[in-house]
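*Asks:* Attaching a single structure in structure tokens format; questions to follow.
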Amino acid sequence: MNPRRARPSRAFALPVVLPVVAAAAALALAACTATASGETDAEGAPPASGSFPVTLDNCGFDTTVEAPPERVVTIKSSTTEMLLALGLGDRIVGSAFLDGPVPDSLETVPAVEEPFADEAPGSEATLALEPDLVYAGWESNLTAETAGDRETLAKLGVSTYVSPAACKEEGYMPDPLTFDTVFDEIGEVGSLFDAEDAAAELVQEQRAALDAIEPDDRGLTALWWSSGDDAPYVGAGIGAPQMIMEAAGLANVAADVHDTWTSLGWENVVEADPDVLVLVDAAWNPADAKIETLESNPATREMTAVKEGRYVVVPFPATEAGVRNVDAVASVVDQLADLDL
């Protein structure tokens, strides 16, 4: 994962008193119960039309949904945008820890326009929304200190699902991350929500868009700078930055580091002298600030890419595994074509 290093977390987990726990459990269980006879449940929702319950091995944890989730809390932009892209935005009752605005191509919903937490939410705030599923972008979003650990939430009738690209357990961590992993997540989410047709259509669209991209063929080298000033935090050899750069035709100068992201000393960056600098644009660490740092530092301002202004900018929400990765590849290729090389 790619932590926000420049923003202090305001998230906190408060102890949940037993009455709150009991109420949350009852509400969550009621929300995910459907009758086999075709009658509506207590909330008036019809029973699932697909084959339920569904159980998935998710980062080494068995995620089970008894029926398509109706009340979902999403944590991180990648999970929020996944549901929006699948036409499931009306299921979102709360979103948190968003990394930037939703792109114009996705129709948003009030719960996304007004997130209930700027950082990883605490368990009390999460349970107050009475979710039947919490869909998290990182495993660290589901701990006792954040939205709640997965075992405890399961006992309360709240299912959990983590983006498989963020799994860290041995045997589950993508090594390397590929577009097939991203597309597989779309399919898994579709199965959880009885939305297999929408998921298949989205995967087909994304595969076609990816296949239509003609990567840059000039053999350019690049450094992906995500965050950090004293020591830049850069895209390494097995995560989303590597996946995006490789698809765009760029050779990552940090590809030999066997990790998703890594800290890299400025002396190593200067020595690598990449042809292009890919700069992640985030509210807490914008691309403009990165450019100012590069052009004001006596060492980095002598780098070829800095002297020639060879910058490619990618918005932070497109840099983590999700439905915006294909668009990120296309954008990088277009920006490379505009550079004076």
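Naming scheme: A, B, ... for chains in displayed order of the structure tokens; residues 1 onward per chain; ligands 1 onward as shown.
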Which residues are near Pro232 (chain A)? Cut-off 12 Å, only C-alpha atoms, ignore same chain within fewer than 3 positions. Put them as a tab-separated table (two decimals) with N, CA, C and O atoms, in the first residue's frame.

*Replies:*
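Dumped to selection24.tsv:
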chain	number	residue	atom	x	y	z
A	5	ARG	N	1.96	9.96	3.99
A	5	ARG	CA	2.97	10.24	4.99
A	5	ARG	C	2.90	11.67	5.51
A	5	ARG	O	3.45	11.97	6.55
A	6	ALA	N	2.24	12.55	4.77
A	6	ALA	CA	2.26	13.96	5.14
A	6	ALA	C	1.03	14.40	5.91
A	6	ALA	O	0.94	15.52	6.34
A	223	LEU	N	11.00	7.40	-13.16
A	223	LEU	CA	10.86	7.25	-11.71
A	223	LEU	C	9.46	7.69	-11.33
A	223	LEU	O	8.98	8.74	-11.78
A	224	TRP	N	8.79	6.90	-10.51
A	224	TRP	CA	7.43	7.20	-10.04
A	224	TRP	C	7.55	7.75	-8.63
A	224	TRP	O	7.85	7.02	-7.69
A	225	TRP	N	7.32	9.06	-8.46
A	225	TRP	CA	7.43	9.68	-7.14
A	225	TRP	C	6.04	9.87	-6.56
A	225	TRP	O	5.25	10.67	-7.05
A	226	SER	N	5.75	9.13	-5.51
A	226	SER	CA	4.43	9.17	-4.91
A	226	SER	C	4.32	10.22	-3.81
A	226	SER	O	3.41	11.04	-3.82
A	227	SER	N	5.23	10.18	-2.85
A	227	SER	CA	5.15	11.11	-1.72
A	227	SER	C	6.51	11.21	-1.07
A	227	SER	O	7.48	10.58	-1.50
A	228	GLY	N	6.58	12.01	0.00
A	228	GLY	CA	7.83	12.16	0.73
A	228	GLY	C	8.70	13.25	0.15
A	228	GLY	O	8.73	13.46	-1.07
A	229	ASP	N	9.44	13.93	1.03
A	229	ASP	CA	10.35	14.98	0.60
A	229	ASP	C	11.80	14.66	0.97
A	229	ASP	O	12.69	14.68	0.13
A	235	GLY	N	7.46	4.27	-6.64
A	235	GLY	CA	6.91	3.00	-7.10
A	235	GLY	C	8.03	2.00	-7.32
A	235	GLY	O	8.99	2.28	-8.04
A	236	ALA	N	7.90	0.82	-6.71
A	236	ALA	CA	8.91	-0.22	-6.84
A	236	ALA	C	8.48	-1.24	-7.89
A	236	ALA	O	7.71	-0.92	-8.80
A	254	ALA	N	13.32	1.81	-10.48
A	254	ALA	CA	13.29	1.12	-9.18
A	254	ALA	C	12.65	-0.26	-9.30
A	254	ALA	O	12.23	-0.85	-8.32
A	261	TRP	N	5.93	-0.26	-3.08
A	261	TRP	CA	6.54	1.07	-3.00
A	261	TRP	C	7.76	0.97	-2.12
A	261	TRP	O	7.90	0.04	-1.33
A	262	THR	N	8.66	1.95	-2.24
A	262	THR	CA	9.86	1.93	-1.42
A	262	THR	C	10.41	3.34	-1.26
A	262	THR	O	10.15	4.22	-2.10
A	263	SER	N	11.15	3.58	-0.18
A	263	SER	CA	11.87	4.84	-0.02
A	263	SER	C	13.18	4.76	-0.80
A	263	SER	O	13.85	3.73	-0.80
A	264	LEU	N	13.52	5.84	-1.46
A	264	LEU	CA	14.73	5.87	-2.28
A	264	LEU	C	15.45	7.18	-2.01
A	264	LEU	O	14.85	8.26	-2.08
A	265	GLY	N	16.74	7.11	-1.66
A	265	GLY	CA	17.50	8.31	-1.37
A	265	GLY	C	17.66	9.20	-2.60
A	265	GLY	O	17.71	8.71	-3.73
A	266	TRP	N	17.71	10.51	-2.36
A	266	TRP	CA	17.84	11.43	-3.48
A	266	TRP	C	19.11	11.18	-4.30
A	266	TRP	O	19.12	11.37	-5.52
A	267	GLU	N	20.16	10.72	-3.61
A	267	GLU	CA	21.40	10.44	-4.35
A	267	GLU	C	21.18	9.31	-5.36
A	267	GLU	O	21.75	9.34	-6.47
A	268	ASN	N	20.32	8.35	-5.00
A	268	ASN	CA	20.01	7.26	-5.93
A	268	ASN	C	19.17	7.76	-7.10
A	268	ASN	O	19.33	7.30	-8.24
A	269	VAL	N	18.26	8.69	-6.80
A	269	VAL	CA	17.42	9.26	-7.86
A	269	VAL	C	18.28	10.04	-8.85
A	269	VAL	O	18.14	9.88	-10.08
A	270	VAL	N	19.18	10.86	-8.31
A	270	VAL	CA	20.06	11.65	-9.18
A	270	VAL	C	20.95	10.74	-10.02
A	270	VAL	O	21.15	10.98	-11.22
A	279	LEU	N	4.85	11.96	-11.54
A	279	LEU	CA	4.55	12.61	-10.27
A	279	LEU	C	3.11	12.37	-9.88
A	279	LEU	O	2.19	12.64	-10.65
A	280	VAL	N	2.91	11.85	-8.67
A	280	VAL	CA	1.56	11.61	-8.16
A	280	VAL	C	1.01	12.90	-7.58
A	280	VAL	O	1.66	13.55	-6.75
A	285	ASN	N	0.12	16.22	-1.00
A	285	ASN	CA	1.46	16.26	-1.59
A	285	ASN	C	1.31	16.46	-3.10
A	285	ASN	O	1.56	15.55	-3.88
A	290	LYS	N	5.98	18.96	-5.74
A	290	LYS	CA	7.08	18.08	-6.11
A	290	LYS	C	7.98	18.75	-7.14
A	290	LYS	O	9.22	18.67	-7.06
A	293	THR	N	10.14	21.31	-5.52
A	293	THR	CA	11.25	20.68	-4.81
A	293	THR	C	12.34	20.26	-5.77
A	293	THR	O	13.54	20.51	-5.55
A	294	LEU	N	11.97	19.64	-6.85
A	294	LEU	CA	12.95	19.17	-7.84
A	294	LEU	C	13.74	20.31	-8.46
A	294	LEU	O	14.96	20.20	-8.67
A	300	THR	N	18.98	17.84	-7.68
A	300	THR	CA	17.93	17.32	-8.56
A	300	THR	C	17.65	18.23	-9.74
A	300	THR	O	17.23	17.76	-10.80

*Asks:* Have a look at A:Val134, A:Phe316, A:Ala144, A:Thr79 and name the one nearest to Pro101 (chain A); count only C-alpha atoms.

*Replies:*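 Comparing A:Val134, A:Phe316, A:Ala144, A:Thr79 against Pro101 (chain A), the winner is A:Phe316.
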
*Asks:* When DSSP is applied to the backbone of this structure, which of region 232-279 of chain A are assigned strand (DSSP E)? Write them out as a ChimeraX atom specification.

*Replies:* /A:233-235,251-252,261-263,276-279

*Asks:* Which neighbours of Glu170 (chain A) fall inside 10 Å, counting only C-alpha atoms, when residues of the same chain fewer than 4 positions from it are skipped, and could you give them as a PyMOL selection string?

*Replies:* chain A and resi 59-60+174

*Asks:* Got time to write the residues from that selection, C-alpha atoms, as a JSON list (two decimals), in the first residue's frame?

*Replies:*
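Resulting contents of again.json:
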[["chain", "number", "residue", "atom", "x", "y", "z"],
["A", 59, "CYS", "CA", -6.61, -12.24, 1.96],
["A", 60, "GLY", "CA", -6.79, -15.50, 3.93],
["A", 174, "PRO", "CA", 0.09, -10.17, -5.81]]

*Asks:* Name the residues of region 262-330 of chain A that come out as alpha helix (DSSP H) in a backbone DSSP run; write them as a list in words.

*Replies:*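 Everything in region 262-330 of chain A that counts as alpha helix (DSSP H) is Trp266, Glu267, Asn268, Val269, Val270, Glu271, Ala272, Ala287, Asp288, Ala289, Lys290, Ile291, Glu292, Thr293, Leu294, Glu295, Ser296, Thr304, Ala305, Val306, Lys307, Asn325, Val326, Asp327, Ala328, Val329 and Ala330 of chain A.
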
*Asks:* Can you tell me which residues surround Glu246 (chain A) at a distance of at most 10 Å, considering only C-alpha atoms, apart from same-chain residues fewer than 4 positions away, and format the answer as a PDB file with N, CA and C atoms, in the first residue's frame?

*Replies:*
ATOM      1  N   PRO A 215       1.558   1.462 -26.296  1.00  0.00           N
ATOM      2  CA  PRO A 215       2.569   1.960 -25.363  1.00  0.00           C
ATOM      3  C   PRO A 215       3.677   2.729 -26.074  1.00  0.00           C
ATOM      4  N   ASP A 216       4.288   3.644 -25.360  1.00  0.00           N
ATOM      5  CA  ASP A 216       5.423   4.390 -25.901  1.00  0.00           C
ATOM      6  C   ASP A 216       6.545   3.402 -26.219  1.00  0.00           C
ATOM      7  N   ALA A 240       1.150  -1.336  -8.251  1.00  0.00           N
ATOM      8  CA  ALA A 240       0.405  -0.617  -9.273  1.00  0.00           C
ATOM      9  C   ALA A 240       1.273   0.328 -10.105  1.00  0.00           C
ATOM     10  N   PRO A 241       2.215   1.072  -9.505  1.00  0.00           N
ATOM     11  CA  PRO A 241       3.063   1.931 -10.343  1.00  0.00           C
ATOM     12  C   PRO A 241       3.818   1.154 -11.418  1.00  0.00           C
ATOM     13  N   GLN A 242       4.397   0.007 -11.027  1.00  0.00           N
ATOM     14  CA  GLN A 242       5.106  -0.812 -12.008  1.00  0.00           C
ATOM     15  C   GLN A 242       4.161  -1.298 -13.097  1.00  0.00           C
ATOM     16  N   LEU A 250       7.144   2.371 -20.166  1.00  0.00           N
ATOM     17  CA  LEU A 250       8.228   2.968 -19.404  1.00  0.00           C
ATOM     18  C   LEU A 250       8.990   1.916 -18.616  1.00  0.00           C
ATOM     19  N   ALA A 251      10.320   2.078 -18.536  1.00  0.00           N
ATOM     20  CA  ALA A 251      11.168   1.201 -17.730  1.00  0.00           C
ATOM     21  C   ALA A 251      11.391   1.854 -16.375  1.00  0.00           C
ATOM     22  N   ASN A 252      10.908   1.228 -15.324  1.00  0.00           N
ATOM     23  CA  ASN A 252      10.988   1.750 -13.968  1.00  0.00           C
ATOM     24  C   ASN A 252      12.409   1.608 -13.432  1.00  0.00           C
ATOM     25  N   ALA A 255      12.614  -0.807 -10.502  1.00  0.00           N
ATOM     26  CA  ALA A 255      11.949  -2.094 -10.740  1.00  0.00           C
ATOM     27  C   ALA A 255      12.628  -3.249 -10.027  1.00  0.00           C
ATOM     28  N   VAL A 329      -3.009   4.486 -17.512  1.00  0.00           N
ATOM     29  CA  VAL A 329      -2.066   4.085 -18.564  1.00  0.00           C
ATOM     30  C   VAL A 329      -2.265   4.962 -19.800  1.00  0.00           C
TER      31      VAL A 329
END

*Asks:* Of the candidates A:Glu188, A:Asp340, A:Asp281, A:Glu119, which shows the shortest atom-to-atom distance to Leu83 (chain A), using only C-alpha atoms?

*Replies:* A:Glu188

*Asks:* Identify, on the basis of only C-alpha atoms, every residue whose closest approach to Val306 (chain A) does not exceed 9 Å; exclude the query and any residue fewer than 5 positions from it along the same chain; express the result as a list of chain:residue names.

*Replies:* A:Val276, A:Leu277, A:Ile291, A:Leu294, A:Glu295, A:Thr300, A:Arg301, A:Tyr311

*Asks:* Please save C-alpha atoms of the selected residues as a tab-separated table (two decimals), in the first residue's frame.

*Replies:*
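Saved as out-v7.tsv:
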chain	number	residue	atom	x	y	z
A	276	VAL	CA	10.85	10.98	-17.26
A	277	LEU	CA	9.48	11.70	-13.79
A	291	ILE	CA	8.15	20.06	-9.16
A	294	LEU	CA	12.95	19.17	-7.84
A	295	GLU	CA	13.70	22.50	-9.45
A	300	THR	CA	17.93	17.32	-8.56
A	301	ARG	CA	17.61	20.42	-10.73
A	311	TYR	CA	6.93	15.49	-16.01

*Asks:* In Å, with one decimal, what is the gap from CA of Pro121 (chain A) to CA of Ala231 (chain A)?

*Replies:*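 CA of Pro121 (chain A) sits 28.3 Å away from CA of Ala231 (chain A).
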